[in-house]
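Undergrad: Mind having a look at this structure? Questions to follow.
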Amino acid sequence: MTSAPVTAGRRVWRVLWALAALAAFAGFMALGIWQIERRAWKLDLIERVENRVTAPAVAAPSPSQWAASDPADYEYRRVRLTGTFLHQHETLVQAATALGSGYWVLTPLRRAEGGLVLVNRGFVPPDRRERSTRRAGEPEGPVTLTGLLRLSEPGGAFLRDNAPDHNRWYSRDVAAIAEARGLTGVAPYFVDAEAPPSAEGGADQPVAGLTVIRFRNNHLVYALTWFILALMVAGGAGYAAREEFRSRRSGDPR
């Protein structure tokens, strides 16, 4: 008396399971294709950055270009700046480098043509945190430098928010640093200064040229993972369909 309703109910569940398997298969395939597209984008990005960091330096975007251009179009491009450092407004940002933990020294540069640009002059260890320990190496008067243009890093670092009120900085957030230092007319980017020739360097100067250019590119692994999951779902669905077909041929009402 109850076999027909039970059989119908089981068939409904089988249909629902088949629909869920189809949705899972489509979802995994879509994620795999998305990772392939992301891989192509990442490879293009790596190629563009490699070309930029080895190209001759160009003039950094001027104030008249800030609103009209996208800073991302210049990211990691070698740029050239001329101006005067405002050392009294420097900001220390915590850093972890090949030389150990310490700080990046970000100093505003007043450009000859107008406007300010935050320049990452380089790394200093904790015992050189105080500006008084580095005064002898501070460039005075007009300087010309070359470096890599970088995009602002708003907010902070992983699990660490910048605390301007306490002068604790974990990322190079240009807008926040400018506001905290009372600076106006600041470029929406900063520049990582290149290491000067050894003859111009000195123990009193921050160590420049430590920019790490490395992009994680695990998209192929992720894509293969999603495709394998899609194949597993397809295999499971195929096995279930085969068993269903066999049970029907044998007259089993399951």
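Quick note on naming: the chains in the structure tokens go A, B, ... in the order shown, residues restart at 1 in each chain, and ligands are numbered from 1 in order of appearance.
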List the spatial neighbours of A:Thr107 as number ranges by chain - criterion: any atom at most 9 Å away, only C-alpha atoms, same-chain residues fewer than 4 positions off excluded.
TA: A: 85-92, 117-121
Undergrad: Based on the backbone DSSP call, show me all residues of stretch 96-237 of chain A assigned helix (DSSP H, G or I), as a ChimeraX atom specification.
TA: /A:126-128,131-133,135-137,164-166,174-180,198-200,219-237
Undergrad: Between A:Pro126, A:Ala72, A:Leu22, A:Glu47, which residue has the minimum interatomic distance to A:Gly236, considering only C-alpha atoms?
TA: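 The shortest atom-to-atom distance to A:Gly236 comes from A:Leu22.
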Undergrad: Taking the chain letters and numbering used in this document, name the residues of stretch 106-220 of chain A that DSSP puts in strand (DSSP E), as a ChimeraX atom specification.
TA: /A:106-111,116-124,143-151,156-157,160-161,186-193
Undergrad: So that I can see what lies close to A:Leu99, please list as a compact mmCIF listing (two decimals) with all heavy atoms, in the first residue's frame the residues with an atom at most 12 Å from it, counting only C-alpha atoms and leaving out residues fewer than 6 positions away in the same chain.
TA:
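Okay, this is what ended up in selection_13.txt:
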```
# COMPACT_ATOMS: atom_id res chain seq x y z
N GLY A 122 63.90 54.74 2.61
CA GLY A 122 64.54 53.46 2.88
C GLY A 122 64.27 52.96 4.28
O GLY A 122 63.44 53.49 5.02
N PHE A 123 65.02 51.92 4.65
CA PHE A 123 64.81 51.19 5.89
C PHE A 123 65.82 51.61 6.95
O PHE A 123 67.00 51.83 6.66
CB PHE A 123 64.97 49.69 5.61
CG PHE A 123 65.03 48.83 6.84
CD1 PHE A 123 63.87 48.42 7.48
CD2 PHE A 123 66.27 48.42 7.36
CE1 PHE A 123 63.92 47.61 8.61
CE2 PHE A 123 66.33 47.62 8.48
CZ PHE A 123 65.16 47.22 9.10
N VAL A 124 65.32 51.69 8.20
CA VAL A 124 66.21 51.90 9.35
C VAL A 124 65.85 50.89 10.43
O VAL A 124 64.68 50.55 10.61
CB VAL A 124 66.10 53.33 9.93
CG1 VAL A 124 66.61 54.36 8.93
CG2 VAL A 124 64.67 53.66 10.34
N PRO A 125 66.86 50.37 11.15
CA PRO A 125 66.58 49.44 12.25
C PRO A 125 66.03 50.21 13.45
O PRO A 125 66.06 51.44 13.49
CB PRO A 125 67.97 48.84 12.54
CG PRO A 125 68.93 49.91 12.10
CD PRO A 125 68.29 50.58 10.93
N PRO A 126 65.50 49.49 14.43
CA PRO A 126 64.91 50.15 15.60
C PRO A 126 65.84 51.13 16.30
O PRO A 126 65.39 52.16 16.81
CB PRO A 126 64.55 48.98 16.52
CG PRO A 126 64.30 47.84 15.59
CD PRO A 126 65.31 48.02 14.48
N PRO A 206 68.98 56.06 5.56
CA PRO A 206 68.18 54.84 5.45
C PRO A 206 68.65 53.99 4.27
O PRO A 206 69.16 54.51 3.28
CB PRO A 206 66.76 55.39 5.21
CG PRO A 206 66.79 56.79 5.73
CD PRO A 206 68.17 57.29 5.49
N VAL A 207 68.47 52.69 4.37
CA VAL A 207 68.87 51.78 3.31
C VAL A 207 67.76 51.71 2.28
O VAL A 207 66.68 51.17 2.54
CB VAL A 207 69.17 50.37 3.85
CG1 VAL A 207 69.60 49.44 2.72
CG2 VAL A 207 70.25 50.44 4.93
N ALA A 208 68.00 52.27 1.10
CA ALA A 208 67.00 52.29 0.05
C ALA A 208 67.18 51.11 -0.89
O ALA A 208 68.12 50.32 -0.75
CB ALA A 208 67.10 53.61 -0.73
N GLY A 209 66.26 50.99 -1.84
CA GLY A 209 66.36 49.93 -2.84
C GLY A 209 65.97 48.56 -2.35
O GLY A 209 66.42 47.55 -2.91
N LEU A 210 65.11 48.48 -1.31
CA LEU A 210 64.72 47.18 -0.78
C LEU A 210 63.32 46.78 -1.22
O LEU A 210 62.73 45.85 -0.65
CB LEU A 210 64.77 47.20 0.75
CG LEU A 210 66.15 47.41 1.37
CD1 LEU A 210 66.05 47.43 2.90
CD2 LEU A 210 67.12 46.33 0.92
```
Undergrad: Just the residues within 12 Å of A:Phe190, please, counting only C-alpha atoms, with nothing from its chain fewer than 3 positions along; format it as a ChimeraX atom specification.
TA: /A:60-61,71-72,74-79,81,105-109,116-121,147-153,171-175,177-178,186-187,193
Undergrad: Compile the contact shell of A:Ile46 as number ranges by chain: residues with an atom at most 12 Å away, counting only C-alpha atoms, same-chain residues fewer than 2 positions apart removed.
TA: A: 39-44, 48-53, 75-76, 213-217
Undergrad: So that I can check the surroundings of A:Arg111, please list as number ranges by chain every protein, DNA and RNA residue that reaches within 7 Å of it, counting only C-alpha atoms and ignoring chain neighbours fewer than 5 positions away.
TA: A: 82-84, 116
Undergrad: Rank A:Leu183, A:Thr146, A:Ala241, A:Ala98 by their smallest atom-to-atom distance to A:Val58, using only C-alpha atoms, and report the top residue only.
TA: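 Among the listed residues, the smallest separation from A:Val58 belongs to A:Thr146.
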Undergrad: Measuring between only C-alpha atoms, which one of A:Thr211, A:Ser69, A:Thr225, A:Thr54 shows the shortest distance to A:Ala96?
TA: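 Checking each of A:Thr211, A:Ser69, A:Thr225, A:Thr54 against A:Ala96, counting only C-alpha atoms, the winner is A:Thr211.
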Undergrad: Neighbouring residues of A:Arg168 were defined as those with any atom within 10 Å, considering only C-alpha atoms; residues of the same chain fewer than 2 positions away were excluded. Please report them as a PyMOL selection string.
TA: chain A and resi 91-94+156+160-166+170-171
Undergrad: Grab the residues selected above and save them as a PDB file, in the first residue's frame with C-alpha atoms.
TA:
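So selection24.pdb came out as:
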```
ATOM      1  CA  THR A  91      56.810  59.358   9.185  1.00  0.00           C
ATOM      2  CA  LEU A  92      58.051  55.944  10.273  1.00  0.00           C
ATOM      3  CA  VAL A  93      56.119  52.910   9.028  1.00  0.00           C
ATOM      4  CA  GLN A  94      56.818  49.498  10.491  1.00  0.00           C
ATOM      5  CA  GLY A 156      46.805  49.378   7.609  1.00  0.00           C
ATOM      6  CA  ARG A 160      46.807  45.894  12.192  1.00  0.00           C
ATOM      7  CA  ASP A 161      45.076  49.212  11.688  1.00  0.00           C
ATOM      8  CA  ASN A 162      47.059  52.406  11.438  1.00  0.00           C
ATOM      9  CA  ALA A 163      46.727  54.552  14.563  1.00  0.00           C
ATOM     10  CA  PRO A 164      47.521  58.147  13.492  1.00  0.00           C
ATOM     11  CA  ASP A 165      46.647  59.554  16.935  1.00  0.00           C
ATOM     12  CA  HIS A 166      49.363  57.372  18.474  1.00  0.00           C
ATOM     13  CA  TYR A 170      51.679  49.688   9.619  1.00  0.00           C
ATOM     14  CA  SER A 171      51.083  50.674   5.985  1.00  0.00           C
TER      15      SER A 171
END
```
